[in-house]
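Content type compact mmCIF, C-alpha atoms, from the file structure-v8.txt:
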```txt
# COMPACT_ATOMS: atom_id res chain seq x y z
CA MET X 1 -10.89 -12.18 2.81
CA PRO X 2 -8.95 -9.72 4.98
CA ARG X 3 -5.53 -8.78 3.59
CA ILE X 4 -2.94 -7.42 5.95
CA THR X 5 0.40 -5.73 5.34
CA ILE X 6 3.00 -5.34 8.08
CA LYS X 7 5.79 -2.81 7.53
CA ALA X 8 8.76 -3.07 9.89
CA VAL X 9 12.49 -2.51 10.12
CA GLU X 10 14.39 -5.62 9.02
CA GLY X 11 16.04 -7.97 11.48
CA ARG X 12 13.29 -10.17 12.84
CA THR X 13 13.86 -13.93 12.81
CA VAL X 14 11.66 -16.43 11.00
CA ASP X 15 10.41 -17.55 14.42
CA GLN X 16 9.32 -14.03 15.28
CA LYS X 17 7.53 -13.71 11.94
CA ARG X 18 5.92 -17.14 12.33
CA GLY X 19 4.60 -16.18 15.74
CA LEU X 20 3.30 -12.84 14.55
CA ILE X 21 1.49 -14.34 11.55
CA LYS X 22 -0.13 -16.96 13.78
CA ASP X 23 -1.28 -14.42 16.36
CA ILE X 24 -2.53 -11.84 13.86
CA THR X 25 -4.44 -14.51 11.94
CA GLU X 26 -6.11 -15.61 15.17
CA ALA X 27 -6.94 -11.98 16.00
CA VAL X 28 -8.63 -11.48 12.63
CA VAL X 29 -10.53 -14.79 12.85
CA LYS X 30 -11.77 -13.93 16.36
CA ASN X 31 -12.78 -10.31 15.76
CA PHE X 32 -13.93 -10.33 12.12
CA SER X 33 -15.56 -13.80 12.09
CA VAL X 34 -13.71 -15.16 9.07
CA SER X 35 -11.95 -18.47 8.45
CA PRO X 36 -8.16 -18.66 8.94
CA GLU X 37 -7.82 -19.69 5.29
CA SER X 38 -9.20 -16.34 4.17
CA VAL X 39 -6.52 -14.30 5.96
CA ALA X 40 -3.63 -13.20 3.74
CA ILE X 41 -0.63 -11.42 5.27
CA ASP X 42 2.58 -9.95 3.87
CA ILE X 43 5.58 -8.37 5.59
CA ILE X 44 7.59 -5.55 3.99
CA GLU X 45 11.00 -5.13 5.61
CA TYR X 46 12.93 -1.86 5.55
CA THR X 47 16.53 -0.87 6.14
CA LYS X 48 16.90 1.87 8.74
CA GLU X 49 17.58 4.41 6.01
CA ASN X 50 14.15 3.75 4.48
CA MET X 51 11.95 4.36 7.51
CA ALA X 52 11.48 7.67 9.27
CA GLY X 53 9.51 9.30 12.06
CA GLY X 54 9.46 12.90 13.31
CA GLY X 55 11.41 14.05 10.25
CA LYS X 56 14.39 11.76 10.94
CA LEU X 57 15.53 8.55 9.26
CA PHE X 58 15.77 5.63 11.71
CA CYS X 59 19.49 5.30 10.86
CA ASP X 60 20.00 8.82 12.27
CA LYS X 61 18.23 8.22 15.59
CA MET J 1 -3.96 7.63 -14.18
CA PRO J 2 -4.49 4.13 -12.74
CA ARG J 3 -1.68 2.96 -10.44
CA ILE J 4 -1.27 -0.72 -9.86
CA THR J 5 0.81 -2.67 -7.34
CA ILE J 6 1.52 -6.39 -7.75
CA LYS J 7 2.74 -8.29 -4.68
CA ALA J 8 4.21 -11.73 -5.35
CA VAL J 9 6.77 -14.22 -4.11
CA GLU J 10 10.17 -13.57 -5.70
CA GLY J 11 11.53 -15.74 -8.48
CA ARG J 12 9.86 -14.57 -11.65
CA THR J 13 12.09 -13.78 -14.65
CA VAL J 14 12.27 -10.41 -16.36
CA ASP J 15 10.41 -12.01 -19.29
CA GLN J 16 7.54 -13.03 -17.03
CA LYS J 17 7.37 -9.55 -15.53
CA ARG J 18 7.57 -7.93 -18.99
CA GLY J 19 4.68 -10.07 -20.20
CA LEU J 20 2.58 -9.36 -17.13
CA ILE J 21 3.12 -5.58 -17.34
CA LYS J 22 2.17 -5.61 -21.03
CA ASP J 23 -0.99 -7.66 -20.45
CA ILE J 24 -2.16 -5.76 -17.35
CA THR J 25 -1.58 -2.42 -19.09
CA GLU J 26 -3.71 -3.63 -22.02
CA ALA J 27 -6.40 -4.82 -19.59
CA VAL J 28 -6.57 -1.40 -17.92
CA VAL J 29 -6.59 0.47 -21.25
CA LYS J 30 -9.41 -1.75 -22.56
CA ASN J 31 -11.65 -1.74 -19.49
CA PHE J 32 -11.04 1.70 -17.97
CA SER J 33 -10.67 3.65 -21.24
CA VAL J 34 -7.34 5.29 -20.44
CA SER J 35 -4.17 5.71 -22.49
CA PRO J 36 -1.32 3.20 -21.99
CA GLU J 37 0.95 6.10 -20.95
CA SER J 38 -1.25 6.79 -17.94
CA VAL J 39 -0.86 3.29 -16.48
CA ALA J 40 1.80 3.02 -13.74
CA ILE J 41 2.69 -0.39 -12.30
CA ASP J 42 5.10 -1.59 -9.61
CA ILE J 43 5.98 -5.09 -8.43
CA ILE J 44 6.89 -5.82 -4.80
CA GLU J 45 8.69 -9.15 -4.42
CA TYR J 46 8.70 -11.17 -1.19
CA THR J 47 10.80 -13.96 0.20
CA LYS J 48 8.74 -16.96 1.30
CA GLU J 49 9.20 -15.99 4.93
CA ASN J 50 7.46 -12.65 4.31
CA MET J 51 4.20 -13.89 2.80
CA ALA J 52 1.55 -15.91 4.58
CA GLY J 53 -1.89 -17.38 4.09
CA GLY J 54 -4.13 -19.34 6.46
CA GLY J 55 -1.89 -18.47 9.41
CA LYS J 56 1.23 -20.04 7.86
CA LEU J 57 4.32 -18.49 6.30
CA PHE J 58 4.86 -19.65 2.70
CA CYS J 59 8.27 -21.06 3.74
CA ASP J 60 6.44 -23.44 6.11
CA LYS J 61 3.97 -24.79 3.54
CA MET T 1 -0.72 -16.04 -4.22
CA PRO T 2 -0.27 -12.74 -6.09
CA ARG T 3 -2.09 -9.80 -4.52
CA ILE T 4 -2.90 -6.81 -6.67
CA THR T 5 -4.11 -3.33 -5.79
CA ILE T 6 -5.57 -0.99 -8.40
CA LYS T 7 -5.81 2.70 -7.53
CA ALA T 8 -8.03 4.81 -9.79
CA VAL T 9 -10.28 7.84 -9.86
CA GLU T 10 -13.88 6.89 -8.95
CA GLY T 11 -16.61 6.61 -11.56
CA ARG T 12 -16.14 3.22 -13.21
CA THR T 13 -19.20 0.95 -13.46
CA VAL T 14 -19.43 -2.51 -11.94
CA ASP T 15 -19.22 -3.88 -15.48
CA GLN T 16 -15.93 -2.09 -16.09
CA LYS T 17 -14.54 -3.40 -12.79
CA ARG T 18 -15.80 -6.92 -13.53
CA GLY T 19 -14.07 -6.88 -16.90
CA LEU T 20 -10.83 -5.54 -15.48
CA ILE T 21 -10.71 -8.12 -12.67
CA LYS T 22 -11.33 -10.91 -15.17
CA ASP T 23 -8.63 -9.71 -17.56
CA ILE T 24 -6.01 -8.97 -14.90
CA THR T 25 -6.60 -12.36 -13.27
CA GLU T 26 -6.08 -14.04 -16.65
CA ALA T 27 -2.91 -11.99 -17.20
CA VAL T 28 -1.47 -13.11 -13.85
CA VAL T 29 -2.43 -16.77 -14.43
CA LYS T 30 -0.83 -16.72 -17.89
CA ASN T 31 2.41 -14.93 -17.02
CA PHE T 32 3.10 -16.05 -13.46
CA SER T 33 1.80 -19.64 -13.76
CA VAL T 34 -0.57 -19.58 -10.83
CA SER T 35 -4.16 -20.74 -10.42
CA PRO T 36 -6.98 -18.18 -10.79
CA GLU T 37 -8.08 -18.98 -7.22
CA SER T 38 -4.77 -17.66 -5.88
CA VAL T 39 -5.17 -14.20 -7.39
CA ALA T 40 -6.56 -11.57 -4.98
CA ILE T 41 -7.38 -8.08 -6.24
CA ASP T 42 -8.68 -4.90 -4.62
CA ILE T 43 -9.64 -1.54 -6.09
CA ILE T 44 -9.15 1.73 -4.19
CA GLU T 45 -11.23 4.56 -5.64
CA TYR T 46 -10.32 8.22 -5.24
CA THR T 47 -12.16 11.50 -5.61
CA LYS T 48 -10.42 13.93 -7.95
CA GLU T 49 -9.20 15.96 -4.98
CA ASN T 50 -7.28 12.96 -3.64
CA MET T 51 -5.16 12.11 -6.70
CA ALA T 52 -2.45 14.26 -8.17
CA GLY T 53 0.18 14.30 -10.87
CA GLY T 54 2.76 16.91 -11.82
CA GLY T 55 2.09 18.81 -8.60
CA LYS T 56 -1.61 19.35 -9.36
CA LEU T 57 -4.73 17.73 -7.93
CA PHE T 58 -6.86 16.04 -10.62
CA CYS T 59 -9.77 18.36 -9.66
CA ASP T 60 -7.62 21.32 -10.74
CA LYS T 61 -6.66 19.95 -14.16
CA MET U 1 7.64 1.42 14.66
CA PRO U 2 5.66 -1.31 12.88
CA ARG U 3 2.93 0.02 10.59
CA ILE U 4 0.05 -2.25 9.71
CA THR U 5 -2.69 -1.95 7.11
CA ILE U 6 -5.81 -4.12 7.21
CA LYS U 7 -7.91 -4.34 4.06
CA ALA U 8 -11.40 -5.80 4.47
CA VAL U 9 -14.92 -5.66 3.11
CA GLU U 10 -16.95 -2.95 4.89
CA GLY U 11 -19.55 -3.75 7.50
CA ARG U 12 -17.64 -4.38 10.73
CA THR U 13 -18.78 -2.51 13.84
CA VAL U 14 -16.60 -0.15 15.83
CA ASP U 15 -16.51 -2.82 18.54
CA GLN U 16 -15.11 -5.38 16.10
CA LYS U 17 -12.47 -2.89 14.91
CA ARG U 18 -11.62 -1.91 18.50
CA GLY U 19 -11.09 -5.55 19.41
CA LEU U 20 -9.00 -6.26 16.33
CA ILE U 21 -6.74 -3.23 16.89
CA LYS U 22 -6.22 -4.24 20.52
CA ASP U 23 -5.38 -7.84 19.66
CA ILE U 24 -3.11 -7.06 16.70
CA THR U 25 -1.23 -4.44 18.73
CA GLU U 26 -0.66 -7.04 21.47
CA ALA U 27 0.50 -9.57 18.87
CA VAL U 28 3.07 -7.12 17.48
CA VAL U 29 4.28 -6.10 20.95
CA LYS U 30 4.68 -9.75 21.98
CA ASN U 31 6.38 -11.06 18.85
CA PHE U 32 8.42 -8.07 17.65
CA SER U 33 9.40 -6.70 21.08
CA VAL U 34 8.22 -3.15 20.57
CA SER U 35 6.18 -0.80 22.74
CA PRO U 36 2.41 -0.54 22.11
CA GLU U 37 2.86 3.20 21.43
CA SER U 38 5.03 2.39 18.40
CA VAL U 39 2.35 0.31 16.65
CA ALA U 40 0.35 2.23 14.01
CA ILE U 41 -2.62 0.56 12.31
CA ASP U 42 -5.07 1.62 9.62
CA ILE U 43 -8.11 -0.12 8.16
CA ILE U 44 -9.15 0.30 4.53
CA GLU U 45 -12.75 -0.75 3.92
CA TYR U 46 -14.06 -1.89 0.54
CA THR U 47 -17.48 -2.27 -1.01
CA LYS U 48 -18.07 -5.76 -2.44
CA GLU U 49 -17.59 -4.43 -5.96
CA ASN U 50 -14.03 -3.35 -5.11
CA MET U 51 -12.62 -6.65 -3.83
CA ALA U 52 -12.10 -9.79 -5.87
CA GLY U 53 -10.72 -13.29 -5.63
CA GLY U 54 -10.42 -16.04 -8.22
CA GLY U 55 -11.27 -13.59 -11.00
CA LYS U 56 -14.65 -12.65 -9.51
CA LEU U 57 -15.82 -9.51 -7.69
CA PHE U 58 -17.16 -10.28 -4.20
CA CYS U 59 -20.53 -8.77 -5.23
CA ASP U 60 -20.82 -11.55 -7.86
CA LYS U 61 -20.09 -14.45 -5.50
CA MET Y 1 -0.82 10.95 12.43
CA PRO Y 2 -0.19 11.15 8.67
CA ARG Y 3 1.60 8.12 7.23
CA ILE Y 4 3.41 8.48 3.95
CA THR Y 5 4.90 5.92 1.59
CA ILE Y 6 7.36 6.88 -1.15
CA LYS Y 7 7.96 4.38 -3.95
CA ALA Y 8 10.99 5.05 -6.14
CA VAL Y 9 13.64 3.34 -8.22
CA GLU Y 10 16.65 2.41 -6.07
CA GLY Y 11 19.88 4.37 -6.18
CA ARG Y 12 19.33 7.44 -4.03
CA THR Y 13 21.94 8.21 -1.35
CA VAL Y 14 21.20 8.45 2.35
CA ASP Y 15 21.71 12.21 2.01
CA GLN Y 16 19.02 12.43 -0.65
CA LYS Y 17 16.63 10.39 1.49
CA ARG Y 18 17.46 12.44 4.59
CA GLY Y 19 16.70 15.65 2.71
CA LEU Y 20 13.46 14.29 1.28
CA ILE Y 21 12.19 13.08 4.66
CA LYS Y 22 12.98 16.44 6.23
CA ASP Y 23 11.24 18.41 3.48
CA ILE Y 24 8.16 16.16 3.26
CA THR Y 25 7.75 16.21 7.04
CA GLU Y 26 7.86 20.03 6.97
CA ALA Y 27 5.32 20.07 4.13
CA VAL Y 28 2.90 17.89 6.11
CA VAL Y 29 3.37 19.91 9.31
CA LYS Y 30 2.76 23.19 7.43
CA ASN Y 31 -0.26 22.12 5.39
CA PHE Y 32 -2.02 19.64 7.66
CA SER Y 33 -1.32 21.36 11.00
CA VAL Y 34 0.20 18.37 12.77
CA SER Y 35 3.33 17.98 14.89
CA PRO Y 36 6.51 16.66 13.23
CA GLU Y 37 6.52 13.75 15.69
CA SER Y 38 3.23 12.50 14.24
CA VAL Y 39 4.57 12.16 10.69
CA ALA Y 40 5.67 8.62 9.75
CA ILE Y 41 7.36 7.99 6.40
CA ASP Y 42 8.69 4.89 4.65
CA ILE Y 43 10.54 4.47 1.35
CA ILE Y 44 10.08 1.38 -0.84
CA GLU Y 45 12.90 1.01 -3.38
CA TYR Y 46 12.52 -0.88 -6.65
CA THR Y 47 14.90 -2.35 -9.17
CA LYS Y 48 14.24 -1.15 -12.72
CA GLU Y 49 12.64 -4.48 -13.58
CA ASN Y 50 9.98 -3.96 -10.92
CA MET Y 51 8.64 -0.57 -11.99
CA ALA Y 52 6.79 0.16 -15.20
CA GLY Y 53 4.97 2.94 -17.02
CA GLY Y 54 3.17 2.97 -20.36
CA GLY Y 55 3.30 -0.82 -20.54
CA LYS Y 56 7.09 -1.00 -20.34
CA LEU Y 57 9.43 -2.00 -17.54
CA PHE Y 58 11.89 0.78 -16.61
CA CYS Y 59 14.78 -1.60 -17.47
CA ASP Y 60 13.49 -1.66 -21.07
CA LYS Y 61 13.25 2.11 -21.53
CA MET R 1 8.71 8.23 -11.45
CA PRO R 2 8.27 8.49 -7.68
CA ARG R 3 4.82 7.48 -6.44
CA ILE R 4 3.68 8.73 -3.09
CA THR R 5 0.73 7.77 -0.90
CA ILE R 6 -0.44 9.93 1.99
CA LYS R 7 -2.71 8.34 4.59
CA ALA R 8 -4.49 10.75 6.93
CA VAL R 9 -7.65 11.21 8.95
CA GLU R 10 -10.37 12.87 6.84
CA GLY R 11 -11.32 16.51 7.23
CA ARG R 12 -8.68 18.48 5.34
CA THR R 13 -9.90 21.08 2.84
CA VAL R 14 -9.09 21.05 -0.86
CA ASP R 15 -6.82 24.03 -0.20
CA GLN R 16 -4.85 22.08 2.38
CA LYS R 17 -4.50 19.14 -0.01
CA ARG R 18 -3.54 21.45 -2.89
CA GLY R 19 -0.81 23.01 -0.77
CA LEU R 20 0.49 19.67 0.43
CA ILE R 21 0.65 18.19 -3.09
CA LYS R 22 2.52 21.27 -4.34
CA ASP R 23 5.04 21.20 -1.48
CA ILE R 24 5.64 17.44 -1.57
CA THR R 25 6.10 17.51 -5.34
CA GLU R 26 8.69 20.27 -4.95
CA ALA R 27 10.43 18.29 -2.20
CA VAL R 28 10.71 15.22 -4.44
CA VAL R 29 11.90 17.25 -7.44
CA LYS R 30 14.57 18.97 -5.32
CA ASN R 31 15.90 15.94 -3.47
CA PHE R 32 15.49 13.12 -6.00
CA SER R 33 16.30 15.14 -9.16
CA VAL R 34 13.19 14.24 -11.13
CA SER R 35 10.76 16.34 -13.16
CA PRO R 36 7.52 17.50 -11.50
CA GLU R 37 5.56 15.64 -14.21
CA SER R 38 6.98 12.33 -12.98
CA VAL R 39 5.65 12.71 -9.43
CA ALA R 40 2.36 10.91 -8.77
CA ILE R 41 0.59 11.35 -5.43
CA ASP R 42 -2.58 9.95 -3.90
CA ILE R 43 -4.31 10.66 -0.59
CA ILE R 44 -6.23 7.98 1.31
CA GLU R 45 -8.58 9.47 3.90
CA TYR R 46 -9.77 7.59 6.98
CA THR R 47 -12.59 8.01 9.45
CA LYS R 48 -11.38 8.08 13.07
CA GLU R 49 -12.61 4.53 13.59
CA ASN R 50 -10.26 3.26 10.88
CA MET R 51 -6.96 4.63 12.18
CA ALA R 52 -5.23 3.56 15.38
CA GLY R 53 -2.08 4.11 17.37
CA GLY R 54 -0.89 2.61 20.63
CA GLY R 55 -3.64 -0.02 20.49
CA LYS R 56 -6.46 2.54 20.42
CA LEU R 57 -8.73 3.70 17.61
CA PHE R 58 -8.50 7.47 17.01
CA CYS R 59 -12.24 7.75 17.76
CA ASP R 60 -11.51 6.49 21.30
CA LYS R 61 -8.72 8.95 22.06
```
Any chance you could give the structure as structure tokens?
Amino acid sequence: MPRITIKAVEGRTVDQKRGLIKDITEAVVKNFSVSPESVAIDIIEYTKENMAGGGKLFCDK
Amino acid sequence: MPRITIKAVEGRTVDQKRGLIKDITEAVVKNFSVSPESVAIDIIEYTKENMAGGGKLFCDK
Amino acid sequence: MPRITIKAVEGRTVDQKRGLIKDITEAVVKNFSVSPESVAIDIIEYTKENMAGGGKLFCDK
Amino acid sequence: MPRITIKAVEGRTVDQKRGLIKDITEAVVKNFSVSPESVAIDIIEYTKENMAGGGKLFCDK
Amino acid sequence: MPRITIKAVEGRTVDQKRGLIKDITEAVVKNFSVSPESVAIDIIEYTKENMAGGGKLFCDK
Amino acid sequence: MPRITIKAVEGRTVDQKRGLIKDITEAVVKNFSVSPESVAIDIIEYTKENMAGGGKLFCDK
């Protein structure tokens, strides 16, 4: 029962999310030999002031 | 100092959350022999387009 | 499909974990009106040098 | 800079992990229009006494 | 490539977040001997009804 | 009550962790105006086959 969390900056469409969930589920099924039903995924979306890399907020880049 | 995260689809009332926090805290105190003060809990709420199971977004089910 | 993560210092027995999972699942079913089958839980265990509070590692307390 | 965490029961080979990382990275690049270099992934592995579903530890199923 | 998540009650300004990201990045660079570019941080903000301690929601304290 | 999780490849000494916890706690106290006692931190350590960037496991880099 693999459980996957995706953290990303907000702004993706439902279609983009739908496609990603489909493809990641297939990737887990193929590589970890589990059923699609056992794959649980959640997406946490961030504003650009809540994600940072290299010491800088994304809203400052 | 157990730390617990609950991920769920949005839409629960404050009363439901209050009851859940009370009951989970009691469960941790009883089973892990810690004080209630040491139990920290947070709830992450998701829209139905940000949670998925079986390769499908919850908004598509 | 609530998903719950419990973070705690290592050292609990399987019986303690079994009891906690049972009680937390019941707490979620009761308060959030979901089926037991929909409740997924995982436990992350830490050595005392990997958890800290008040600026101090647990191994130093 | 999408960041992805995969939680799964232990026991997969390095080859299985390598394949999963490759496929998930491609899925994120394709659907979220980011560069492969921006995709960060980590895998948390669990013993069967630290994962549960439906109120039961995996070691009891 | 250390990856850090900060969970806090909402209400901090961008300036407070900017300062925290800068200082935490420096702390990781200094203590873990990595480059600033390798440090990834995200902030998850909570309403007071989604964080709890000692069995009580923060909105009830 | 900020709660912070640090994910990093294994291999740091207790001294390195002790220093990091001290410095991050001070950074949170200074920037978010909280007491040191309210800052909870945990460190999740990974083998190089469980962390990846750019589509490659760290053990393959």
Would you mind aligning chain R to chain J, a least-squares fit over all C-alpha atoms taken in order, and returning the superposed chain as a PDB file with C-alpha atoms, keeping the file's coordinate frame?
```pdb
ATOM      1  CA  MET R   1      -3.961   7.612 -14.180  1.00  0.00           C
ATOM      2  CA  PRO R   2      -4.486   4.131 -12.738  1.00  0.00           C
ATOM      3  CA  ARG R   3      -1.689   2.956 -10.446  1.00  0.00           C
ATOM      4  CA  ILE R   4      -1.279  -0.728  -9.858  1.00  0.00           C
ATOM      5  CA  THR R   5       0.802  -2.675  -7.348  1.00  0.00           C
ATOM      6  CA  ILE R   6       1.507  -6.381  -7.737  1.00  0.00           C
ATOM      7  CA  LYS R   7       2.732  -8.286  -4.685  1.00  0.00           C
ATOM      8  CA  ALA R   8       4.203 -11.726  -5.360  1.00  0.00           C
ATOM      9  CA  VAL R   9       6.756 -14.212  -4.105  1.00  0.00           C
ATOM     10  CA  GLU R  10      10.163 -13.575  -5.714  1.00  0.00           C
ATOM     11  CA  GLY R  11      11.551 -15.746  -8.483  1.00  0.00           C
ATOM     12  CA  ARG R  12       9.849 -14.577 -11.671  1.00  0.00           C
ATOM     13  CA  THR R  13      12.082 -13.790 -14.653  1.00  0.00           C
ATOM     14  CA  VAL R  14      12.273 -10.416 -16.364  1.00  0.00           C
ATOM     15  CA  ASP R  15      10.420 -11.997 -19.285  1.00  0.00           C
ATOM     16  CA  GLN R  16       7.557 -13.032 -17.032  1.00  0.00           C
ATOM     17  CA  LYS R  17       7.375  -9.535 -15.543  1.00  0.00           C
ATOM     18  CA  ARG R  18       7.586  -7.930 -18.997  1.00  0.00           C
ATOM     19  CA  GLY R  19       4.685 -10.057 -20.196  1.00  0.00           C
ATOM     20  CA  LEU R  20       2.596  -9.355 -17.125  1.00  0.00           C
ATOM     21  CA  ILE R  21       3.126  -5.576 -17.326  1.00  0.00           C
ATOM     22  CA  LYS R  22       2.169  -5.601 -21.018  1.00  0.00           C
ATOM     23  CA  ASP R  23      -0.989  -7.657 -20.435  1.00  0.00           C
ATOM     24  CA  ILE R  24      -2.141  -5.749 -17.346  1.00  0.00           C
ATOM     25  CA  THR R  25      -1.582  -2.417 -19.081  1.00  0.00           C
ATOM     26  CA  GLU R  26      -3.705  -3.609 -22.005  1.00  0.00           C
ATOM     27  CA  ALA R  27      -6.398  -4.816 -19.597  1.00  0.00           C
ATOM     28  CA  VAL R  28      -6.573  -1.401 -17.913  1.00  0.00           C
ATOM     29  CA  VAL R  29      -6.595   0.474 -21.233  1.00  0.00           C
ATOM     30  CA  LYS R  30      -9.414  -1.736 -22.556  1.00  0.00           C
ATOM     31  CA  ASN R  31     -11.650  -1.739 -19.495  1.00  0.00           C
ATOM     32  CA  PHE R  32     -11.052   1.701 -17.970  1.00  0.00           C
ATOM     33  CA  SER R  33     -10.672   3.660 -21.247  1.00  0.00           C
ATOM     34  CA  VAL R  34      -7.342   5.290 -20.463  1.00  0.00           C
ATOM     35  CA  SER R  35      -4.161   5.701 -22.500  1.00  0.00           C
ATOM     36  CA  PRO R  36      -1.325   3.194 -21.983  1.00  0.00           C
ATOM     37  CA  GLU R  37       0.950   6.098 -20.966  1.00  0.00           C
ATOM     38  CA  SER R  38      -1.256   6.779 -17.939  1.00  0.00           C
ATOM     39  CA  VAL R  39      -0.857   3.291 -16.460  1.00  0.00           C
ATOM     40  CA  ALA R  40       1.813   3.011 -13.759  1.00  0.00           C
ATOM     41  CA  ILE R  41       2.695  -0.393 -12.305  1.00  0.00           C
ATOM     42  CA  ASP R  42       5.087  -1.596  -9.625  1.00  0.00           C
ATOM     43  CA  ILE R  43       5.982  -5.092  -8.429  1.00  0.00           C
ATOM     44  CA  ILE R  44       6.882  -5.827  -4.805  1.00  0.00           C
ATOM     45  CA  GLU R  45       8.681  -9.154  -4.425  1.00  0.00           C
ATOM     46  CA  TYR R  46       8.706 -11.169  -1.204  1.00  0.00           C
ATOM     47  CA  THR R  47      10.812 -13.974   0.183  1.00  0.00           C
ATOM     48  CA  LYS R  48       8.726 -16.970   1.299  1.00  0.00           C
ATOM     49  CA  GLU R  49       9.189 -15.988   4.933  1.00  0.00           C
ATOM     50  CA  ASN R  50       7.457 -12.657   4.312  1.00  0.00           C
ATOM     51  CA  MET R  51       4.197 -13.889   2.791  1.00  0.00           C
ATOM     52  CA  ALA R  52       1.542 -15.909   4.594  1.00  0.00           C
ATOM     53  CA  GLY R  53      -1.888 -17.389   4.113  1.00  0.00           C
ATOM     54  CA  GLY R  54      -4.114 -19.350   6.456  1.00  0.00           C
ATOM     55  CA  GLY R  55      -1.883 -18.462   9.411  1.00  0.00           C
ATOM     56  CA  LYS R  56       1.231 -20.037   7.883  1.00  0.00           C
ATOM     57  CA  LEU R  57       4.312 -18.486   6.303  1.00  0.00           C
ATOM     58  CA  PHE R  58       4.857 -19.661   2.705  1.00  0.00           C
ATOM     59  CA  CYS R  59       8.265 -21.050   3.745  1.00  0.00           C
ATOM     60  CA  ASP R  60       6.442 -23.441   6.114  1.00  0.00           C
ATOM     61  CA  LYS R  61       3.984 -24.786   3.553  1.00  0.00           C
TER      62      LYS R  61
END
```
Spatial neighbours of range 7-21 of chain Y, max dist 7 Å, only C-alpha atoms, sep filter under 6 positions, as a PyMOL selection string:
(chain X and resi 49+55-57) or (chain Y and resi 43-48) or (chain R and resi 1-4+27-28+31-32)
Place a sphere of radius 8 Å on (0.3, -7.1, 18.5) in the file coordinates and name every protein, DNA or RNA residue with an atom inside or on its surface, counting all atoms listed in the file; give the answer as JSON, numbers by chain.
{"X": [20, 23, 24], "U": [22, 23, 24, 25, 26, 27, 28, 29, 30, 31, 36, 39]}
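CA of Lys61 in chain U to CA of Ser33 in chain J spans 25.8 Å [interatomic distance, one decimal].
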Between CA of Asp42 in chain X and CA of Cys59 in chain X, measure the distance and give it in Å to one decimal.
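Calculated distance between CA of Asp42 in chain X and CA of Cys59 in chain X is 23.8 Å.
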What is the distance between CA of Ala40 in chain T and CA of Met51 in chain U, in Å to one decimal?
7.9 Å
Considering all atoms listed in the file, can you say which of R:Phe58, R:Gly53, R:Thr5, R:Ser38 comes closest to chain T?
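Comparing R:Phe58, R:Gly53, R:Thr5, R:Ser38 against chain T, the winner is R:Ser38.
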